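Source file: final_8.cif; contents: mmCIF, C-alpha atoms.
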```cif
data_target
#
loop_
_atom_site.label_atom_id
_atom_site.label_comp_id
_atom_site.auth_asym_id
_atom_site.auth_seq_id
_atom_site.Cartn_x
_atom_site.Cartn_y
_atom_site.Cartn_z
CA MET I 1474 134.69 134.04 95.92
CA SER I 1475 135.62 132.32 99.14
CA ALA I 1476 138.00 129.39 99.41
CA PRO I 1477 136.59 125.90 98.75
CA GLN I 1478 134.67 124.44 101.67
CA SER I 1479 134.22 120.91 102.91
CA PRO I 1480 130.87 119.19 102.25
CA ALA I 1481 129.94 119.63 105.91
CA GLU I 1482 130.64 123.37 105.72
CA LEU I 1483 128.67 123.75 102.48
CA PHE I 1484 125.52 122.32 104.06
CA ASP I 1485 125.96 123.98 107.45
CA LEU I 1486 123.05 126.25 108.44
CA THR I 1487 124.37 127.31 111.85
CA GLY I 1488 123.16 130.80 112.69
CA LYS I 1489 120.47 130.76 110.01
CA VAL I 1490 116.72 131.16 110.44
CA ALA I 1491 114.36 129.18 108.22
CA LEU I 1492 110.64 129.83 107.81
CA VAL I 1493 108.67 126.87 106.45
CA THR I 1494 104.98 127.16 105.58
CA GLY I 1495 102.98 123.97 105.78
CA GLY I 1496 105.78 123.06 108.15
CA SER I 1497 104.00 120.87 110.67
CA ARG I 1498 103.51 117.75 108.56
CA GLY I 1499 104.54 115.95 105.39
CA LEU I 1500 107.45 117.34 103.39
CA GLY I 1501 107.39 120.54 105.43
CA ARG I 1502 108.00 118.63 108.65
CA GLU I 1503 110.92 116.76 107.07
CA MET I 1504 112.49 120.03 105.96
CA VAL I 1505 112.02 121.67 109.36
CA LEU I 1506 113.80 118.78 111.08
CA ALA I 1507 116.57 118.70 108.46
CA PHE I 1508 117.23 122.42 108.77
CA ALA I 1509 117.34 122.13 112.55
CA ARG I 1510 119.80 119.22 112.35
CA ALA I 1511 121.95 121.39 110.08
CA GLY I 1512 122.02 124.11 112.74
CA ALA I 1513 119.16 126.45 111.81
CA ASP I 1514 116.48 127.92 114.02
CA VAL I 1515 113.01 127.58 112.50
CA VAL I 1516 109.65 129.25 112.15
CA ILE I 1517 107.01 126.55 111.74
CA ALA I 1518 103.84 127.86 110.13
CA SER I 1519 100.58 126.07 109.34
CA ARG I 1520 96.90 126.51 109.98
CA LYS I 1521 96.90 124.17 113.01
CA LEU I 1522 98.84 125.74 115.86
CA ASP I 1523 98.88 122.64 118.04
CA ASN I 1524 100.72 120.68 115.34
CA CYS I 1525 103.25 123.49 114.99
CA GLN I 1526 103.76 123.58 118.75
CA ALA I 1527 104.34 119.83 118.95
CA LEU I 1528 107.01 119.99 116.25
CA ALA I 1529 108.54 123.08 117.86
CA GLU I 1530 109.05 121.08 121.05
CA THR I 1531 110.88 118.40 119.08
CA VAL I 1532 113.12 121.03 117.49
CA GLU I 1533 113.92 122.59 120.83
CA GLU I 1534 114.87 119.18 122.21
CA MET I 1535 117.45 119.12 119.41
CA GLY I 1536 119.00 122.29 120.83
CA ARG I 1537 117.56 124.71 118.29
CA ARG I 1538 115.04 127.52 118.71
CA ALA I 1539 111.59 127.25 117.15
CA LEU I 1540 108.65 129.60 116.72
CA PRO I 1541 105.26 127.96 116.02
CA VAL I 1542 102.81 130.23 114.18
CA SER I 1543 99.24 129.65 113.07
CA ALA I 1544 98.87 131.13 109.59
CA HIS I 1545 96.69 130.57 106.54
CA VAL I 1546 98.93 131.68 103.70
CA GLY I 1547 95.97 132.02 101.37
CA HIS I 1548 95.03 135.12 103.36
CA TRP I 1549 97.06 138.22 102.47
CA ASP I 1550 96.94 139.78 105.93
CA GLU I 1551 98.04 136.54 107.61
CA CYS I 1552 101.15 136.48 105.40
CA ASP I 1553 101.93 139.98 106.63
CA ALA I 1554 101.37 138.94 110.25
CA LEU I 1555 103.52 135.81 109.84
CA THR I 1556 106.37 137.89 108.46
CA GLU I 1557 106.17 140.37 111.31
CA GLN I 1558 106.11 137.62 113.94
CA ALA I 1559 109.15 135.91 112.43
CA TYR I 1560 111.21 139.11 112.32
CA ALA I 1561 110.05 140.25 115.75
CA HIS I 1562 111.15 136.92 117.26
CA PHE I 1563 114.37 136.17 115.39
CA GLY I 1564 115.28 139.49 113.78
CA LYS I 1565 115.77 137.94 110.36
CA VAL I 1566 114.80 135.17 107.96
CA ASP I 1567 117.57 133.60 105.87
CA ILE I 1568 115.58 130.78 104.26
CA LEU I 1569 111.93 130.91 103.17
CA VAL I 1570 110.25 127.69 102.07
CA ASN I 1571 106.87 128.21 100.42
CA ASN I 1572 105.66 124.67 101.04
CA ALA I 1573 102.01 125.07 102.02
CA GLY I 1574 99.68 123.76 99.35
CA MET I 1575 96.32 122.20 98.68
CA SER I 1576 94.95 120.12 95.79
CA PRO I 1577 91.27 119.28 96.35
CA LEU I 1578 89.65 117.50 93.42
CA ALA I 1579 86.37 118.77 92.01
CA PRO I 1580 83.86 116.41 90.34
CA SER I 1581 84.71 118.11 87.02
CA SER I 1582 86.13 121.36 85.74
CA VAL I 1583 82.68 122.75 84.96
CA GLU I 1584 81.57 121.89 88.51
CA THR I 1585 84.55 123.68 90.09
CA SER I 1586 83.14 126.48 92.22
CA GLN I 1587 84.61 129.95 92.40
CA GLU I 1588 85.20 129.40 96.11
CA LEU I 1589 87.26 126.26 95.47
CA PHE I 1590 89.16 127.92 92.64
CA ASP I 1591 90.02 130.93 94.81
CA ARG I 1592 91.13 128.73 97.72
CA VAL I 1593 93.46 126.67 95.52
CA VAL I 1594 95.00 129.71 93.86
CA GLY I 1595 95.24 131.53 97.19
CA VAL I 1596 97.24 128.87 99.01
CA ASN I 1597 99.38 127.70 96.10
CA PHE I 1598 100.15 131.04 94.46
CA ARG I 1599 98.89 134.17 96.22
CA GLY I 1600 100.47 133.22 99.56
CA PRO I 1601 103.93 132.44 98.12
CA PHE I 1602 103.78 135.66 96.13
CA ARG I 1603 103.02 137.78 99.19
CA LEU I 1604 105.52 136.06 101.49
CA SER I 1605 108.28 136.14 98.85
CA SER I 1606 107.58 139.82 98.20
CA LEU I 1607 107.80 140.74 101.87
CA ILE I 1608 110.64 138.48 102.98
CA GLY I 1609 112.57 138.58 99.71
CA GLN I 1610 112.75 142.36 99.89
CA ARG I 1611 114.00 142.22 103.47
CA MET I 1612 116.57 139.61 102.46
CA TYR I 1613 117.70 141.85 99.61
CA ASP I 1614 117.95 144.87 101.91
CA GLY I 1615 119.93 142.77 104.41
CA ASP I 1616 122.43 139.95 104.02
CA GLY I 1617 120.61 138.00 101.32
CA GLY I 1618 119.01 134.58 101.56
CA SER I 1619 117.35 131.69 99.80
CA ILE I 1620 113.72 131.21 98.79
CA ILE I 1621 112.50 127.71 97.90
CA ASN I 1622 109.14 127.36 96.17
CA VAL I 1623 107.82 123.83 96.61
CA SER I 1624 105.92 123.16 93.42
CA SER I 1625 104.46 120.00 91.97
CA SER I 1626 104.83 117.66 89.05
CA GLY I 1627 101.19 118.58 88.45
CA ALA I 1628 102.41 121.80 86.86
CA LEU I 1629 104.56 119.84 84.39
CA PHE I 1630 102.16 116.93 83.83
CA PRO I 1631 98.70 118.46 84.41
CA ALA I 1632 95.87 115.99 84.84
CA PRO I 1633 92.14 116.37 84.12
CA ARG I 1634 90.12 118.06 86.86
CA TYR I 1635 93.29 119.48 88.43
CA GLY I 1636 93.32 122.62 86.28
CA PRO I 1637 93.29 125.21 89.11
CA TYR I 1638 96.01 123.36 91.04
CA ALA I 1639 98.18 122.76 87.99
CA GLY I 1640 97.74 126.35 86.89
CA ALA I 1641 98.58 127.74 90.32
CA LYS I 1642 101.72 125.62 90.59
CA ALA I 1643 102.76 126.62 87.05
CA ALA I 1644 102.32 130.23 88.14
CA LEU I 1645 104.49 129.48 91.17
CA ASN I 1646 107.19 128.17 88.83
CA ALA I 1647 107.02 131.43 86.89
CA LEU I 1648 107.24 133.35 90.15
CA THR I 1649 110.58 131.68 90.84
CA THR I 1650 112.02 133.15 87.66
CA ALA I 1651 110.56 136.59 88.33
CA PHE I 1652 111.84 136.87 91.90
CA ALA I 1653 115.23 135.31 91.07
CA ARG I 1654 115.76 138.30 88.78
CA GLU I 1655 114.06 140.91 90.96
CA PHE I 1656 116.09 140.13 94.09
CA ALA I 1657 119.34 139.25 92.32
CA PRO I 1658 122.12 138.87 93.13
CA LYS I 1659 121.65 138.72 96.91
CA VAL I 1660 118.67 136.36 97.07
CA ARG I 1661 118.56 132.98 95.37
CA VAL I 1662 115.11 131.75 94.37
CA ASN I 1663 114.52 128.19 93.17
CA THR I 1664 111.71 125.71 92.61
CA LEU I 1665 111.69 122.26 94.19
CA SER I 1666 109.25 120.38 91.97
CA ALA I 1667 107.96 117.48 94.04
CA GLY I 1668 106.48 114.31 92.61
CA PRO I 1669 104.43 111.69 94.48
CA PHE I 1670 105.53 111.28 98.10
CA LEU I 1671 104.13 108.96 100.75
CA THR I 1672 103.01 111.68 103.14
CA ASP I 1673 99.75 111.51 105.09
CA ILE I 1674 97.94 112.79 102.00
CA SER I 1675 98.87 109.58 100.19
CA LYS I 1676 96.64 107.61 102.55
CA SER I 1677 93.70 108.53 100.33
CA TRP I 1678 95.42 107.18 97.20
CA PRO I 1679 94.56 103.77 95.72
CA ASP I 1680 96.73 100.88 96.91
CA GLU I 1681 100.12 100.82 95.23
CA SER I 1682 99.17 97.50 93.64
CA GLU I 1683 96.38 99.38 91.85
CA ARG I 1684 98.61 102.21 90.61
CA THR I 1685 101.04 102.46 87.73
CA TRP I 1686 103.95 104.67 88.75
CA HIS I 1687 104.87 106.61 85.63
CA ASN I 1688 108.39 107.36 86.77
CA ALA I 1689 111.80 105.82 86.33
CA ALA I 1690 112.01 104.94 90.03
CA GLY I 1691 108.85 102.87 89.77
CA ARG I 1692 107.57 104.07 93.14
CA ALA I 1693 106.55 107.05 95.23
CA GLY I 1694 109.14 108.80 97.37
CA ASP I 1695 109.57 108.50 101.10
CA PRO I 1696 109.21 111.96 102.71
CA HIS I 1697 112.82 112.00 103.94
CA GLU I 1698 113.98 111.80 100.32
CA VAL I 1699 113.14 115.47 99.83
CA VAL I 1700 115.70 116.50 102.43
CA SER I 1701 118.91 116.44 100.41
CA THR I 1702 117.50 118.72 97.71
CA ALA I 1703 115.99 121.10 100.25
CA LEU I 1704 119.30 121.34 102.12
CA TYR I 1705 121.14 121.93 98.85
CA LEU I 1706 118.85 124.80 97.84
CA ALA I 1707 118.82 126.33 101.34
CA SER I 1708 122.57 126.19 101.94
CA PRO I 1709 125.77 127.66 100.48
CA ALA I 1710 126.11 124.44 98.49
CA SER I 1711 123.82 126.00 95.86
CA SER I 1712 125.54 129.40 95.74
CA TYR I 1713 125.48 129.42 91.90
CA THR I 1714 121.96 127.99 91.54
CA THR I 1715 119.09 130.45 91.16
CA GLY I 1716 116.04 130.69 88.96
CA SER I 1717 116.16 126.91 88.61
CA LEU I 1718 113.58 124.14 88.79
CA VAL I 1719 114.84 120.96 90.44
CA ARG I 1720 112.63 117.91 89.93
CA VAL I 1721 112.40 115.46 92.84
CA ASP I 1722 109.89 113.06 91.37
CA GLY I 1723 111.65 109.78 90.65
CA GLY I 1724 111.91 110.64 86.97
CA LEU I 1725 108.27 111.14 86.05
CA TYR I 1726 107.31 110.78 82.42
#
```

Representation of the structure as structure tokens:
Amino acid sequence: MSAPQSPAELFDLTGKVALVTGGSRGLGREMVLAFARAGADVVIASRKLDNCQALAETVEEMGRRALPVSAHVGHWDECDALTEQAYAHFGKVDILVNNAGMSPLAPSSVETSQELFDRVVGVNFRGPFRLSSLIGQRMYDGDGGSIINVSSSGALFPAPRYGPYAGAKAALNALTTAFAREFAPKVRVNTLSAGPFLTDISKSWPDESERTWHNAAGRAGDPHEVVSTALYLASPASSYTTGSLVRVDGGLY
């Protein structure tokens, strides 16, 4: 064990490379910017390359390096290609954030099509499995690292008509436990279980005056409020935290 470090040293990511899927907007964007501010270079992956490029420019203006990549993590081969591009450009990945997700609502469970089911499971579970398998093994064979699976309160409090999404996120939670053991002790794997956040997706929600927030905070979170937990899980500050699920949901009940 090394000597105790200052808080600034514990959260310092200088020299690290972070790969964030769904990294061009919402919680992913907040994490990309936070990691860059903490000293990391970043791989920004999402389906829309232009959004990734715009954020990459912002990161580079901060003095960090950034690689924008168009990738649909629901597609197995694109996960392989994303991994290869990241390692070809930076030579390593120290932090993997499986943040990309989708939660389309079907009219009913019986009316959920196989295509919709497969898309939801692909993005929320198959992609994180493939990326964690590829990058986690390279981390284990190298200097170690941290994998953060961004899950959802939907896995803990599943709602009607969200069965495929809730099931996929519950599977992602299980994946955290499996990979935390498989890549131990060099790779830490944890779940960040996010509750309601006021990202661009929230624009389709009913007005707050029409909602009852079933959490202790009595409100949805601002996107920047995910940052402290993400930095904790990505950095040496969480050196003894692995296989854990950390709820960032305002105390949902």

### Query
If the PyMOL selection byres ((chain I and resi 1655) around 12) is run on the structure shown, which residues does it catch, given as a ChimeraX atom specification?
/I:1605-1606,1609-1610,1612-1613,1648-1654,1656-1662,1715-1716

### Query
From the set I:Gly1640, I:Asp1567, I:Ala1529, I:Leu1578, which residue has the shortest atom-to-atom contact distance to Gly1615 (chain I), counting all atoms listed in the file?
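For Gly1615 (chain I), the nearest of the candidates is I:Asp1567.
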
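Residues with any atom within 10 Å of the point (121.2, 131.5, 112.3), counting only C-alpha atoms, are Leu1486, Thr1487, Gly1488, Lys1489, Val1490, Ala1491, Gly1512, Ala1513, Asp1514, Val1515, Arg1537, Arg1538, Phe1563, Lys1565, Val1566, Asp1567 and Ile1568 of chain I.
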
### Message
Need the shell around Glu1698 (chain I): protein/DNA/RNA residues with any atom at most 12 Å away, counting all atoms listed in the file. Skip same-chain ones fewer than 6 positions apart. Format as JSON, numbers by chain?
### Response
{"I": [1499, 1500, 1503, 1504, 1507, 1667, 1668, 1669, 1670, 1671, 1672, 1704, 1721, 1722, 1723]}

### Query
Expanded to explicit residues, what is the PyMOL selection byres ((chain I and resi 1622-1628) around 8) for this file, as a PyMOL selection string?
chain I and resi 1570-1572+1601+1620-1621+1629-1632+1635+1638-1643+1645-1646+1649+1662-1668+1720+1722+1725

#### Entry: Among listed residues I:Tyr1713, I:Ala1518, I:Ile1608, I:Asn1688, nearest Glu1557 (chain I) (using only C-alpha atoms)
I:Ile1608

### Query
When distances are computed from only C-alpha atoms, which of I:Thr1531, I:Gln1526, I:Ser1708, I:Ser1519 shows the smallest separation from His1545 (chain I)?
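Among the listed residues, the smallest separation from His1545 (chain I) belongs to I:Ser1519.
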
### Summary
CA of Leu1607 (chain I) sits from CA of Pro1541 (chain I) at a separation of 19.2 Å

### Query
How many Å lie between CA of Arg1611 (chain I) and CA of Asp1553 (chain I), rounded to one decimal?
12.7 Å

Given 5 Å of margin on each side, can you work out the centre and size in Å (one decimal) of an axis-aligned box holding every listed atom of region 1570-1579 of chain I, as AutoDock Vina command-line options?
```
--center_x 98.3 --center_y 122.9 --center_z 97.0 --size_x 33.9 --size_y 20.7 --size_z 20.1
```

### Query
To one decimal place, how far is CA of Ala1707 (chain I) from CA of Ile1517 (chain I) in Å?
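Calculated distance between CA of Ala1707 (chain I) and CA of Ile1517 (chain I) is 15.7 Å.
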
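Here the question is which of I:Pro1580, I:Lys1521, I:Met1535, I:Gly1618 gets nearest to Ala1509 (chain I) using all atoms listed in the file, and that residue is I:Met1535.
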
### Task
Name every residue that the PyMOL selection byres ((chain I and resi 1582) around 9) selects in this structure, writing the answer as JSON, numbers by chain with chains first and numbers rising.
{"I": [1579, 1580, 1581, 1583, 1584, 1585, 1586, 1633, 1634, 1635, 1636, 1637]}

### Query
Which neighbours of Gly1600 (chain I) fall inside 9 Å, counting only C-alpha atoms, when residues of the same chain fewer than 3 positions from it are skipped, and could you give them as a count of residues only?
15

#### Entry: Among listed residues I:Arg1510, I:His1687, I:Arg1498, I:Arg1592, nearest Ser1576 (chain I) (using only C-alpha atoms)
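Ranked by minimum distance to Ser1576 (chain I), first place goes to I:Arg1592.
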
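Using all atoms listed in the file, the protein and nucleic acid residues lying no more than 9 Å from Gly1691 (chain I), apart from those fewer than 5 places from it along its own chain, are Thr1685, Trp1686, Gly1723 and Gly1724 of chain I.
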
### Task
Go through I:Tyr1705, I:Tyr1560, I:Phe1602, I:Phe1590 one by one, measure the shortest atom-to-atom distance of each to Phe1484 (chain I) using only C-alpha atoms, and give the residue with the smallest value.
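Smallest distance to Phe1484 (chain I) is found for I:Tyr1705.
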